[in-house]
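upload-v3.cif, holding mmCIF, C-alpha atoms:
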data_final
#
loop_
_atom_site.group_PDB
_atom_site.id
_atom_site.type_symbol
_atom_site.label_atom_id
_atom_site.label_comp_id
_atom_site.auth_asym_id
_atom_site.auth_seq_id
_atom_site.Cartn_x
_atom_site.Cartn_y
_atom_site.Cartn_z
ATOM 1 C CA MET A 239 0.000 0.000 0.000
ATOM 2 C CA ALA A 240 1.372 3.372 -0.993
ATOM 3 C CA LYS A 241 2.487 5.524 1.892
ATOM 4 C CA ALA A 242 0.652 8.827 2.316
ATOM 5 C CA ARG A 243 2.739 11.854 1.405
ATOM 6 C CA PHE A 244 2.063 15.225 2.922
ATOM 7 C CA THR A 245 2.939 18.524 1.282
ATOM 8 C CA SER A 246 3.193 21.773 3.233
ATOM 9 C CA ILE A 247 0.745 24.273 1.738
ATOM 10 C CA LEU A 248 1.685 27.358 3.771
ATOM 11 C CA THR A 249 4.068 27.400 6.714
ATOM 12 C CA ALA A 250 5.402 30.937 6.355
ATOM 13 C CA THR A 251 5.467 33.846 3.942
ATOM 14 C CA GLU A 252 8.153 36.080 2.500
ATOM 15 C CA GLY A 253 5.636 38.936 2.350
ATOM 16 C CA LEU A 254 3.611 40.717 -0.269
ATOM 17 C CA ASN A 255 4.391 40.723 -3.991
ATOM 18 C CA ASN A 256 1.723 42.324 -6.161
ATOM 19 C CA THR A 257 3.869 42.984 -9.236
ATOM 20 C CA VAL A 258 3.479 39.543 -10.863
ATOM 21 C CA ASP A 259 0.630 37.171 -11.755
ATOM 22 C CA PRO A 260 -0.416 35.292 -8.564
ATOM 23 C CA ALA A 261 0.306 32.022 -10.380
ATOM 24 C CA ARG A 262 3.948 33.148 -10.720
ATOM 25 C CA LEU A 263 4.625 33.898 -7.059
ATOM 26 C CA SER A 264 7.666 32.189 -5.564
ATOM 27 C CA TYR A 265 6.823 29.007 -3.618
ATOM 28 C CA ASP A 266 9.059 26.408 -1.962
ATOM 29 C CA LEU A 267 7.433 22.953 -2.093
ATOM 30 C CA LYS A 268 9.684 21.573 0.645
ATOM 31 C CA SER A 269 9.332 24.336 3.206
ATOM 32 C CA GLY A 270 5.891 25.681 2.319
ATOM 33 C CA VAL A 271 7.188 29.255 2.247
ATOM 34 C CA THR A 272 5.460 31.474 -0.312
ATOM 35 C CA GLU A 273 4.816 35.063 -1.306
ATOM 36 C CA LEU A 274 1.375 36.650 -0.991
ATOM 37 C CA SER A 275 -0.543 38.353 -3.785
ATOM 38 C CA GLN A 276 -2.878 40.038 -1.268
ATOM 39 C CA ALA A 277 -2.777 40.647 2.471
ATOM 40 C CA VAL A 278 -5.720 42.374 4.179
ATOM 41 C CA ASN A 279 -5.466 43.222 7.904
ATOM 42 C CA VAL A 280 -2.521 40.849 8.274
ATOM 43 C CA ASP A 281 0.675 41.174 10.325
ATOM 44 C CA ILE A 282 3.803 39.179 9.405
ATOM 45 C CA ASP A 283 6.516 38.635 12.020
ATOM 46 C CA LYS A 284 10.247 38.038 11.469
ATOM 47 C CA SER A 285 9.749 34.268 11.214
ATOM 48 C CA GLY A 286 7.287 34.690 8.338
ATOM 49 C CA ARG A 287 4.260 33.816 10.433
ATOM 50 C CA SER A 288 1.084 35.643 9.403
ATOM 51 C CA SER A 289 -1.644 36.551 11.875
ATOM 52 C CA ARG A 290 -4.787 38.653 11.883
ATOM 53 C CA ARG A 291 -4.157 42.275 12.808
ATOM 54 C CA LEU A 292 -5.462 43.359 16.208
ATOM 55 C CA GLY A 293 -8.721 45.270 16.399
ATOM 56 C CA ARG A 294 -9.387 48.811 17.599
ATOM 57 C CA THR A 295 -10.913 50.408 20.684
ATOM 58 C CA LEU A 296 -12.623 53.815 20.583
ATOM 59 C CA LYS A 297 -10.818 56.211 22.929
ATOM 60 C CA ASN A 298 -12.177 59.585 21.837
ATOM 61 C CA VAL A 299 -15.176 60.577 19.722
ATOM 62 C CA ASN A 300 -13.525 63.623 18.096
ATOM 63 C CA ALA A 301 -12.974 63.381 14.362
ATOM 64 C CA ALA A 302 -9.190 63.463 14.020
ATOM 65 C CA ALA A 303 -6.843 64.240 11.125
ATOM 66 C CA HIS A 304 -3.242 65.350 10.567
ATOM 67 C CA GLY A 305 -1.928 63.700 13.728
ATOM 68 C CA PHE A 306 1.597 64.018 15.091
ATOM 69 C CA VAL A 307 3.378 62.368 18.020
ATOM 70 C CA HIS A 308 6.673 63.455 19.538
ATOM 71 C CA GLY A 309 7.613 61.909 22.854
ATOM 72 C CA GLU A 310 4.608 62.345 25.120
ATOM 73 C CA VAL A 311 3.059 65.087 22.961
ATOM 74 C CA CYS A 312 0.225 64.077 20.630
ATOM 75 C CA LEU A 313 -1.360 66.707 18.351
ATOM 76 C CA PHE A 314 -4.212 66.444 15.856
ATOM 77 C CA VAL A 315 -6.691 68.617 13.970
ATOM 78 C CA SER A 316 -10.471 68.329 14.118
ATOM 79 C CA GLY A 317 -12.328 70.748 11.872
ATOM 80 C CA THR A 318 -10.799 74.161 12.582
ATOM 81 C CA ILE A 319 -9.298 73.237 15.974
ATOM 82 C CA LEU A 320 -5.788 72.091 16.859
ATOM 83 C CA TYR A 321 -5.923 69.696 19.816
ATOM 84 C CA LYS A 322 -3.434 68.160 22.202
ATOM 85 C CA MET A 323 -4.299 64.660 23.424
ATOM 86 C CA LYS A 324 -3.226 63.711 26.933
ATOM 87 C CA PRO A 325 -2.041 60.219 27.955
ATOM 88 C CA ASP A 326 -5.514 59.500 29.384
ATOM 89 C CA TYR A 327 -7.027 60.284 25.915
ATOM 90 C CA THR A 328 -8.712 63.493 27.033
ATOM 91 C CA VAL A 329 -8.090 66.466 24.749
ATOM 92 C CA VAL A 330 -7.258 70.158 25.131
ATOM 93 C CA ALA A 331 -7.946 72.741 22.403
ATOM 94 C CA LEU A 332 -4.819 74.779 21.570
ATOM 95 C CA ARG A 333 -6.091 76.856 18.652
ATOM 96 C CA SER A 334 -9.525 77.252 17.038
ATOM 97 C CA ASP A 335 -9.075 79.420 13.919
ATOM 98 C CA LEU A 336 -7.522 76.960 11.450
ATOM 99 C CA THR A 337 -8.547 76.669 7.817
ATOM 100 C CA GLU A 338 -10.747 73.588 7.570
ATOM 101 C CA ASN A 339 -9.337 70.635 5.572
ATOM 102 C CA ALA A 340 -5.897 72.290 5.220
ATOM 103 C CA ARG A 341 -3.214 69.628 5.670
ATOM 104 C CA MET A 342 -1.089 70.244 8.774
ATOM 105 C CA ARG A 343 2.649 69.463 8.944
ATOM 106 C CA TYR A 344 4.865 69.550 12.044
ATOM 107 C CA PHE A 345 8.563 69.540 12.974
ATOM 108 C CA PRO A 346 10.040 69.301 16.511
ATOM 109 C CA ILE A 347 13.046 71.464 17.395
ATOM 110 C CA ALA A 348 14.373 71.240 20.968
ATOM 111 C CA ASP A 349 11.358 71.829 23.249
ATOM 112 C CA ARG A 350 9.166 73.346 20.530
ATOM 113 C CA ILE A 351 6.938 71.810 17.869
ATOM 114 C CA TYR A 352 6.509 74.053 14.825
ATOM 115 C CA TYR A 353 3.445 73.573 12.641
ATOM 116 C CA THR A 354 2.028 74.937 9.384
ATOM 117 C CA ASN A 355 -0.873 74.225 7.034
ATOM 118 C CA GLU A 356 0.022 76.809 4.348
ATOM 119 C CA ASN A 357 -2.542 79.203 5.811
ATOM 120 C CA GLU A 358 -1.822 79.301 9.551
ATOM 121 C CA LYS A 359 1.394 78.610 11.421
ATOM 122 C CA GLY A 360 2.747 78.645 14.953
ATOM 123 C CA TYR A 361 4.602 76.568 17.510
ATOM 124 C CA ILE A 362 3.736 74.640 20.667
ATOM 125 C CA LEU A 363 5.839 75.233 23.770
ATOM 126 C CA LYS A 364 5.041 73.742 27.194
ATOM 127 C CA GLY A 365 1.582 72.750 26.016
ATOM 128 C CA GLN A 366 0.683 76.258 24.808
ATOM 129 C CA ASP A 367 0.199 77.683 21.315
ATOM 130 C CA ASN A 368 2.515 80.554 20.329
ATOM 131 C CA VAL A 369 2.759 83.041 17.468
ATOM 132 C CA TRP A 370 5.589 82.220 15.046
ATOM 133 C CA GLU A 371 6.944 85.544 13.776
ATOM 134 C CA LYS A 372 10.043 87.709 13.530
ATOM 135 C CA GLY A 373 9.373 89.584 16.744
ATOM 136 C CA ASN A 374 11.810 92.207 18.006
ATOM 137 C CA TYR A 375 14.818 91.101 15.954
ATOM 138 C CA THR A 376 17.876 93.342 15.771
ATOM 139 C CA ALA A 377 19.823 92.903 12.534
ATOM 140 C CA PRO A 378 23.611 92.427 12.712
ATOM 141 C CA GLU A 379 25.571 95.654 12.489
ATOM 142 C CA GLY A 380 26.210 96.620 8.887
ATOM 143 C CA SER A 381 23.569 94.266 7.473
ATOM 144 C CA VAL A 382 21.677 95.518 4.422
ATOM 145 C CA SER A 383 19.295 92.545 4.267
ATOM 146 C CA VAL A 384 15.544 92.872 4.647
ATOM 147 C CA TYR A 385 14.244 90.477 7.299
ATOM 148 C CA SER A 386 10.734 89.044 7.273
ATOM 149 C CA ASP A 387 8.374 86.853 9.248
ATOM 150 C CA PRO A 388 8.217 83.205 8.148
ATOM 151 C CA PRO A 389 6.457 83.047 4.757
ATOM 152 C CA LYS A 390 3.331 80.990 4.176
ATOM 153 C CA CYS A 391 4.515 77.419 3.767
ATOM 154 C CA HIS A 392 3.266 73.832 3.507
ATOM 155 C CA ILE A 393 6.291 72.041 5.051
ATOM 156 C CA VAL A 394 8.597 72.935 7.920
ATOM 157 C CA GLY A 395 12.000 71.416 8.731
ATOM 158 C CA TRP A 396 15.433 72.209 10.176
ATOM 159 C CA PHE A 397 19.055 72.067 9.062
ATOM 160 C CA ALA A 398 22.401 73.294 10.412
ATOM 161 C CA GLY A 399 20.955 75.680 12.977
ATOM 162 C CA ARG A 400 18.356 77.133 10.618
ATOM 163 C CA LEU A 401 14.649 76.485 10.463
ATOM 164 C CA LEU A 402 13.543 75.606 6.924
ATOM 165 C CA VAL A 403 10.174 76.158 5.291
ATOM 166 C CA ALA A 404 8.955 75.081 1.868
ATOM 167 C CA THR A 405 6.460 76.884 -0.293
ATOM 168 C CA GLY A 406 5.848 75.414 -3.729
ATOM 169 C CA ASN A 407 9.277 74.533 -5.129
ATOM 170 C CA THR A 408 11.280 76.924 -2.916
ATOM 171 C CA ILE A 409 13.108 76.269 0.365
ATOM 172 C CA PHE A 410 13.628 79.289 2.613
ATOM 173 C CA ALA A 411 16.095 79.196 5.519
ATOM 174 C CA SER A 412 15.849 81.289 8.680
ATOM 175 C CA GLU A 413 18.736 83.174 10.185
ATOM 176 C CA PRO A 414 20.950 80.895 12.347
ATOM 177 C CA SER A 415 19.230 80.216 15.699
ATOM 178 C CA PHE A 416 16.500 82.806 14.945
ATOM 179 C CA TYR A 417 13.703 80.580 13.699
ATOM 180 C CA GLY A 418 11.227 83.362 12.991
ATOM 181 C CA VAL A 419 13.603 85.630 11.042
ATOM 182 C CA PHE A 420 13.976 85.149 7.274
ATOM 183 C CA ASP A 421 16.029 86.871 4.602
ATOM 184 C CA LEU A 422 13.800 85.736 1.744
ATOM 185 C CA PHE A 423 15.963 87.251 -0.997
ATOM 186 C CA ASN A 424 19.335 85.731 -0.045
ATOM 187 C CA ASN A 425 18.560 82.531 1.864
ATOM 188 C CA HIS A 426 16.548 80.297 -0.451
ATOM 189 C CA ARG A 427 17.005 77.411 -2.872
ATOM 190 C CA LEU A 428 14.877 76.292 -5.802
ATOM 191 C CA VAL A 429 14.119 72.702 -6.822
ATOM 192 C CA PRO A 430 12.378 71.538 -10.021
ATOM 193 C CA ASN A 431 8.981 70.605 -8.542
ATOM 194 C CA THR A 432 6.745 70.895 -5.469
ATOM 195 C CA ILE A 433 8.617 70.020 -2.279
ATOM 196 C CA THR A 434 7.173 67.117 -0.281
ATOM 197 C CA MET A 435 9.855 66.454 2.367
ATOM 198 C CA LEU A 436 12.629 68.191 4.340
ATOM 199 C CA GLN A 437 14.717 65.943 6.615
ATOM 200 C CA PRO A 438 18.178 66.774 8.030
ATOM 201 C CA THR A 439 21.018 64.351 8.725
ATOM 202 C CA THR A 440 24.475 64.757 10.235
ATOM 203 C CA GLN A 441 25.959 64.982 6.716
ATOM 204 C CA GLY A 442 23.344 66.838 4.735
ATOM 205 C CA LEU A 443 19.687 67.414 3.957
ATOM 206 C CA TRP A 444 17.214 65.037 2.285
ATOM 207 C CA VAL A 445 14.729 66.862 0.065
ATOM 208 C CA GLY A 446 11.807 65.099 -1.554
ATOM 209 C CA THR A 447 9.753 66.585 -4.369
ATOM 210 C CA SER A 448 6.782 65.367 -6.389
ATOM 211 C CA THR A 449 9.173 64.007 -9.035
ATOM 212 C CA GLN A 450 12.630 63.631 -7.441
ATOM 213 C CA LEU A 451 14.644 62.654 -4.378
ATOM 214 C CA ILE A 452 17.644 64.909 -3.707
ATOM 215 C CA PHE A 453 20.426 64.925 -1.105
ATOM 216 C CA TYR A 454 22.100 68.231 -0.312
ATOM 217 C CA ARG A 455 25.520 67.241 1.022
ATOM 218 C CA GLY A 456 27.305 69.404 3.582
ATOM 219 C CA THR A 457 27.034 70.751 7.110
ATOM 220 C CA LYS A 458 26.420 74.441 6.320
ATOM 221 C CA TRP A 459 23.383 75.790 4.511
ATOM 222 C CA GLU A 460 25.534 78.157 2.427
ATOM 223 C CA GLU A 461 27.820 75.353 1.193
ATOM 224 C CA VAL A 462 25.600 72.293 0.532
ATOM 225 C CA ARG A 463 26.026 70.511 -2.818
ATOM 226 C CA ARG A 464 23.043 69.088 -4.688
ATOM 227 C CA GLU A 465 23.084 65.317 -5.421
ATOM 228 C CA PRO A 466 20.045 63.856 -7.265
ATOM 229 C CA LYS A 467 19.300 60.353 -5.939
ATOM 230 C CA ALA A 468 16.136 59.143 -7.681
ATOM 231 C CA ASP A 469 13.996 60.291 -10.594
ATOM 232 C CA TYR A 470 10.754 59.562 -8.755
ATOM 233 C CA GLY A 471 9.073 61.592 -6.046
ATOM 234 C CA VAL A 472 8.336 61.201 -2.342
ATOM 235 C CA LEU A 473 4.763 60.986 -1.058
ATOM 236 C CA GLU A 474 4.276 63.897 1.306
ATOM 237 C CA GLY A 475 3.878 62.667 4.893
ATOM 238 C CA SER A 476 5.502 59.260 4.333
ATOM 239 C CA ASP A 477 8.900 60.157 5.863
ATOM 240 C CA VAL A 478 9.708 58.517 9.211
ATOM 241 C CA TRP A 479 13.033 57.942 10.983
ATOM 242 C CA CYS A 480 13.680 54.298 11.866
ATOM 243 C CA PRO A 481 16.259 53.417 14.590
ATOM 244 C CA GLY A 482 19.166 51.407 13.221
ATOM 245 C CA GLU A 483 18.588 48.382 15.457
ATOM 246 C CA LYS A 484 15.118 47.887 13.971
ATOM 247 C CA ARG A 485 16.671 47.379 10.522
ATOM 248 C CA GLY A 486 19.836 45.666 11.693
ATOM 249 C CA VAL A 487 22.083 48.537 10.614
ATOM 250 C CA GLY A 488 24.381 50.838 12.549
ATOM 251 C CA ASN A 489 22.651 54.183 12.115
ATOM 252 C CA ARG A 490 19.068 55.317 11.868
ATOM 253 C CA SER A 491 17.416 55.347 8.431
ATOM 254 C CA LEU A 492 14.811 57.656 6.930
ATOM 255 C CA LEU A 493 12.037 55.489 5.480
ATOM 256 C CA ILE A 494 9.931 56.978 2.692
ATOM 257 C CA THR A 495 7.260 55.821 0.262
ATOM 258 C CA THR A 496 7.578 56.566 -3.457
ATOM 259 C CA PRO A 497 5.639 55.451 -6.546
ATOM 260 C CA GLN A 498 8.453 52.921 -7.075
ATOM 261 C CA GLY A 499 8.456 51.430 -3.580
ATOM 262 C CA ILE A 500 9.494 51.911 0.044
ATOM 263 C CA CYS A 501 13.022 53.311 0.290
ATOM 264 C CA ALA A 502 15.679 53.879 2.946
ATOM 265 C CA CYS A 503 17.649 57.141 2.975
ATOM 266 C CA GLU A 504 20.768 57.007 5.122
ATOM 267 C CA GLU A 505 22.593 59.611 7.205
ATOM 268 C CA ASP A 506 25.535 59.642 4.742
ATOM 269 C CA GLY A 507 23.370 60.277 1.673
ATOM 270 C CA SER A 508 23.227 56.683 0.428
ATOM 271 C CA PHE A 509 19.907 55.393 -0.831
ATOM 272 C CA ASN A 510 18.258 51.986 -1.285
ATOM 273 C CA ASN A 511 14.866 50.961 -2.676
ATOM 274 C CA LEU A 512 13.784 48.164 -0.299
ATOM 275 C CA THR A 513 10.813 46.863 -2.303
ATOM 276 C CA TYR A 514 11.919 47.388 -5.906
ATOM 277 C CA ASN A 515 10.076 44.975 -8.254
ATOM 278 C CA LYS A 516 8.075 43.662 -5.273
ATOM 279 C CA LEU A 517 5.300 46.177 -4.632
ATOM 280 C CA THR A 518 3.218 48.595 -6.644
ATOM 281 C CA PHE A 519 1.327 51.270 -4.782
ATOM 282 C CA PRO A 520 -1.941 53.031 -5.522
ATOM 283 C CA SER A 521 -1.414 56.508 -6.904
ATOM 284 C CA GLY A 522 -1.620 59.239 -4.303
ATOM 285 C CA ARG A 523 -0.192 62.597 -3.382
ATOM 286 C CA TYR A 524 -0.272 62.372 0.420
ATOM 287 C CA ALA A 525 0.505 59.706 3.001
ATOM 288 C CA SER A 526 0.635 59.250 6.764
ATOM 289 C CA ALA A 527 3.329 57.048 8.271
ATOM 290 C CA THR A 528 4.751 55.931 11.599
ATOM 291 C CA MET A 529 6.972 53.311 13.202
ATOM 292 C CA ALA A 530 4.881 50.866 15.243
ATOM 293 C CA GLY A 531 7.307 48.581 17.026
ATOM 294 C CA ASN A 532 9.548 47.175 14.274
ATOM 295 C CA ARG A 533 7.066 47.983 11.515
ATOM 296 C CA TYR A 534 6.915 50.928 9.155
ATOM 297 C CA LEU A 535 3.209 51.623 8.640
ATOM 298 C CA VAL A 536 2.032 53.897 5.822
ATOM 299 C CA LEU A 537 -1.469 54.930 4.758
ATOM 300 C CA ILE A 538 -1.802 56.413 1.268
ATOM 301 C CA GLU A 539 -4.492 58.986 0.518
ATOM 302 C CA PRO A 540 -5.791 58.554 -3.062
#
What's the structure tokens form of this structure?
Amino acid sequence: MAKARFTSILTATEGLNNTVDPARLSYDLKSGVTELSQAVNVDIDKSGRSSRRLGRTLKNVNAAAHGFVHGEVCLFVSGTILYKMKPDYTVVALRSDLTENARMRYFPIADRIYYTNENEKGYILKGQDNVWEKGNYTAPEGSVSVYSDPPKCHIVGWFAGRLLVATGNTIFASEPSFYGVFDLFNNHRLVPNTITMLQPTTQGLWVGTSTQLIFYRGTKWEEVRREPKADYGVLEGSDVWCPGEKRGVGNRSLLITTPQGICACEEDGSFNNLTYNKLTFPSGRYASATMAGNRYLVLIEP
């Protein structure tokens, strides 16, 4: 009598691959390890085990958008109000005159969190909203520059002691250590298309646009050199720093989502597409992303 022979159907998975016909996915008959053509509400651990994603519990009834977390500070927008959420999930209104549906972006610098939505701007300090403006600035002796408040902008960042803002395809830099004071004529740089990301490193500045990824190499704003890295753009809001130990590398990495896949941008300006030829993404202009444990989670807005 013939002996029964068992074949492993699915013991583990290498992850998602939606770039090929499902019938052509890689599959190991001996081990039962395969790729997935679809994965809905599924988590995959380091061993390749797949499990159903955990559910959700309602903590607050406020409609929430444009969230941001830095340390113990959690900010979000609901309608025209900027809120701070406390650890017990109660909320405090910080500002109530925002333009409805305007996308909010944030950047933490020291003990402040700067924010902008292209219409309104400000910064949070010690749980309070503050006006972000030039104030009583005294120009250096002999200066002939004209100094201005921060211009209207859709992205805020920081580099080499200067606060950076982006409006359209232009990056403006503040005066060193004076984050509300801008010489708009002399301290700006142009890029080919709409800016979607500003992220500093110890060796330069990563700039994402709607069509390109660029690294500005150097440690001084006046001396950085432009190095194009990819001829595809960065989805605005998809940039998140990942600690090195979570990727098994020495330094932290900036994870981003592009139309060509999820990519890692390193401190030294090197660049790697982590999912090239593995994943195709729905078209979108905006994203929201975070690190949850060892996972990079990204939601794409069509």
*Pick out the residues sitting within 8 Å of stretch 477-481 of chain A, and hand them over as a list in words; count all atoms listed in the file, and ignore anything fewer than 4 positions along from it in its own chain.*
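Result of the neighbour search: Met435, Arg485, Asn489, Arg490, Ser491, Leu492, Leu493, Ile494, Thr495, Ala527, Thr528 and Met529 of chain A.
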*asked:* Taking 2 positions as the minimum chain separation for residues in the same chain, which residues sit within 9 Å of A:Met323 when counting all atoms listed in the file? Answer as a VMD selection string.
replied: chain A and resid 311 to 314 321 325 to 331
At most 12 Å is the cut-off: for each residue in stretch 289-373 of chain A with any atom that close to an atom of stretch 398-413 of chain A, write down the nearest atom pair and the distance in Å rounded to one decimal, counting only C-alpha atoms, chain first then increasing number, as a Markdown table.
| residue | atom | partner | partner_atom | distance |
| --- | --- | --- | --- | --- |
| A:Arg343 | CA | A:Val403 | CA | 10.7 |
| A:Tyr344 | CA | A:Val403 | CA | 10.8 |
| A:Phe345 | CA | A:Leu401 | CA | 9.6 |
| A:Pro346 | CA | A:Leu401 | CA | 10.5 |
| A:Ile347 | CA | A:Leu401 | CA | 8.7 |
| A:Ala348 | CA | A:Gly399 | CA | 11.3 |
| A:Arg350 | CA | A:Leu401 | CA | 11.9 |
| A:Ile351 | CA | A:Leu401 | CA | 11.7 |
| A:Tyr352 | CA | A:Leu401 | CA | 9.5 |
| A:Tyr353 | CA | A:Val403 | CA | 10.3 |
| A:Thr354 | CA | A:Val403 | CA | 9.2 |
| A:Asn355 | CA | A:Thr405 | CA | 10.7 |
| A:Glu356 | CA | A:Thr405 | CA | 7.9 |
| A:Asn357 | CA | A:Thr405 | CA | 11.1 |
| A:Lys359 | CA | A:Val403 | CA | 11.0 |
| A:Trp370 | CA | A:Leu401 | CA | 11.7 |
| A:Glu371 | CA | A:Ser412 | CA | 11.1 |
| A:Lys372 | CA | A:Ser412 | CA | 9.9 |
_Å distance separating atom CA of A:Pro497 from atom CA of A:Asn532, one decimal place_ =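 Computing the Euclidean distance for atom CA of A:Pro497 and atom CA of A:Asn532 yields 22.7 Å.
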_To one decimal place in Å, what is the distance between atom CA of A:Leu443 and atom CA of A:Phe397?_
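So the answer is 6.9 Å.
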*If we count all atoms listed in the file, what is near A:Ser521 at a cut-off of 9 Å, once residues fewer than 3 positions away on the same chain are taken out, given as number ranges by chain?*
A: 497, 538-540
*Long-range neighbours of A:Gly471 as a PyMOL selection string, 7 Å cut-off, only C-alpha atoms, 3 positions minimum in chain*: chain A and resi 446-451+496
_Residue IDs satisfying the PyMOL selection byres ((chain A and resi 320) around 10), as a VMD selection string_ = chain A and resid 302 to 305 313 to 319 321 to 322 329 to 336 342 367
Restricted to C-alpha atoms, what would the selected residues look like written as a PDB file, keeping the file's coordinate frame?
ATOM      1  CA  ALA A 302      -9.190  63.463  14.020  1.00  0.00           C
ATOM      2  CA  ALA A 303      -6.843  64.240  11.125  1.00  0.00           C
ATOM      3  CA  HIS A 304      -3.242  65.350  10.567  1.00  0.00           C
ATOM      4  CA  GLY A 305      -1.928  63.700  13.728  1.00  0.00           C
ATOM      5  CA  LEU A 313      -1.360  66.707  18.351  1.00  0.00           C
ATOM      6  CA  PHE A 314      -4.212  66.444  15.856  1.00  0.00           C
ATOM      7  CA  VAL A 315      -6.691  68.617  13.970  1.00  0.00           C
ATOM      8  CA  SER A 316     -10.471  68.329  14.118  1.00  0.00           C
ATOM      9  CA  GLY A 317     -12.328  70.748  11.872  1.00  0.00           C
ATOM     10  CA  THR A 318     -10.799  74.161  12.582  1.00  0.00           C
ATOM     11  CA  ILE A 319      -9.298  73.237  15.974  1.00  0.00           C
ATOM     12  CA  TYR A 321      -5.923  69.696  19.816  1.00  0.00           C
ATOM     13  CA  LYS A 322      -3.434  68.160  22.202  1.00  0.00           C
ATOM     14  CA  VAL A 329      -8.090  66.466  24.749  1.00  0.00           C
ATOM     15  CA  VAL A 330      -7.258  70.158  25.131  1.00  0.00           C
ATOM     16  CA  ALA A 331      -7.946  72.741  22.403  1.00  0.00           C
ATOM     17  CA  LEU A 332      -4.819  74.779  21.570  1.00  0.00           C
ATOM     18  CA  ARG A 333      -6.091  76.856  18.652  1.00  0.00           C
ATOM     19  CA  SER A 334      -9.525  77.252  17.038  1.00  0.00           C
ATOM     20  CA  ASP A 335      -9.075  79.420  13.919  1.00  0.00           C
ATOM     21  CA  LEU A 336      -7.522  76.960  11.450  1.00  0.00           C
ATOM     22  CA  MET A 342      -1.089  70.244   8.774  1.00  0.00           C
ATOM     23  CA  ASP A 367       0.199  77.683  21.315  1.00  0.00           C
TER      24      ASP A 367
END
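The closest residue to A:Lys324, picked from A:Val536, A:Gly365, A:Ser275, A:Glu338 and counting all atoms listed in the file, is A:Gly365.
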*One decimal, Å: what's the distance from atom CA of A:Pro438 over to atom CA of A:Trp459, could you say?*
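If I compute the distance from atom CA of A:Pro438 to atom CA of A:Trp459, I get 11.0 Å.
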*asked:* Taking the file as I've supplied it (selection: the PyMOL selection byres ((chain A and resi 382-387) around 6)), which residues are included? Please answer as a ChimeraX atom specification.
replied: /A:371-372,381,388,418-421
_For A:Thr257, find every residue with an atom within 10 Å (counting all atoms listed in the file), except residues of its own chain fewer than 6 positions away, and show them as a PyMOL selection string._
chain A and resi 263+275+514-519
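Nearest to A:Ala530 of all the residues A:Leu428, A:Val307, A:Ile433, A:Ala502 is A:Val307, based on only C-alpha atoms.
Between A:Val445 and the candidates A:Gly507, A:Gly293, A:Gly488, A:Gly531, the tightest atom-to-atom separation, counting all atoms listed in the file, involves A:Gly507.
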*Enumerate, as a ChimeraX atom specification, the residues matched when the PyMOL selection byres ((chain A and resi 250) around 9) is run on the file above.*
/A:248-249,251-253,269-273,282,285-288
Quick one: 4 Å padding each side, axis-aligned, all listed atoms of stretch 357-363 of chain A - centre and edge lengths in Å to one decimal, as JSON?
{"center_x": 1.6, "center_y": 77.0, "center_z": 14.8, "size_x": 16.4, "size_y": 12.7, "size_z": 26.0}
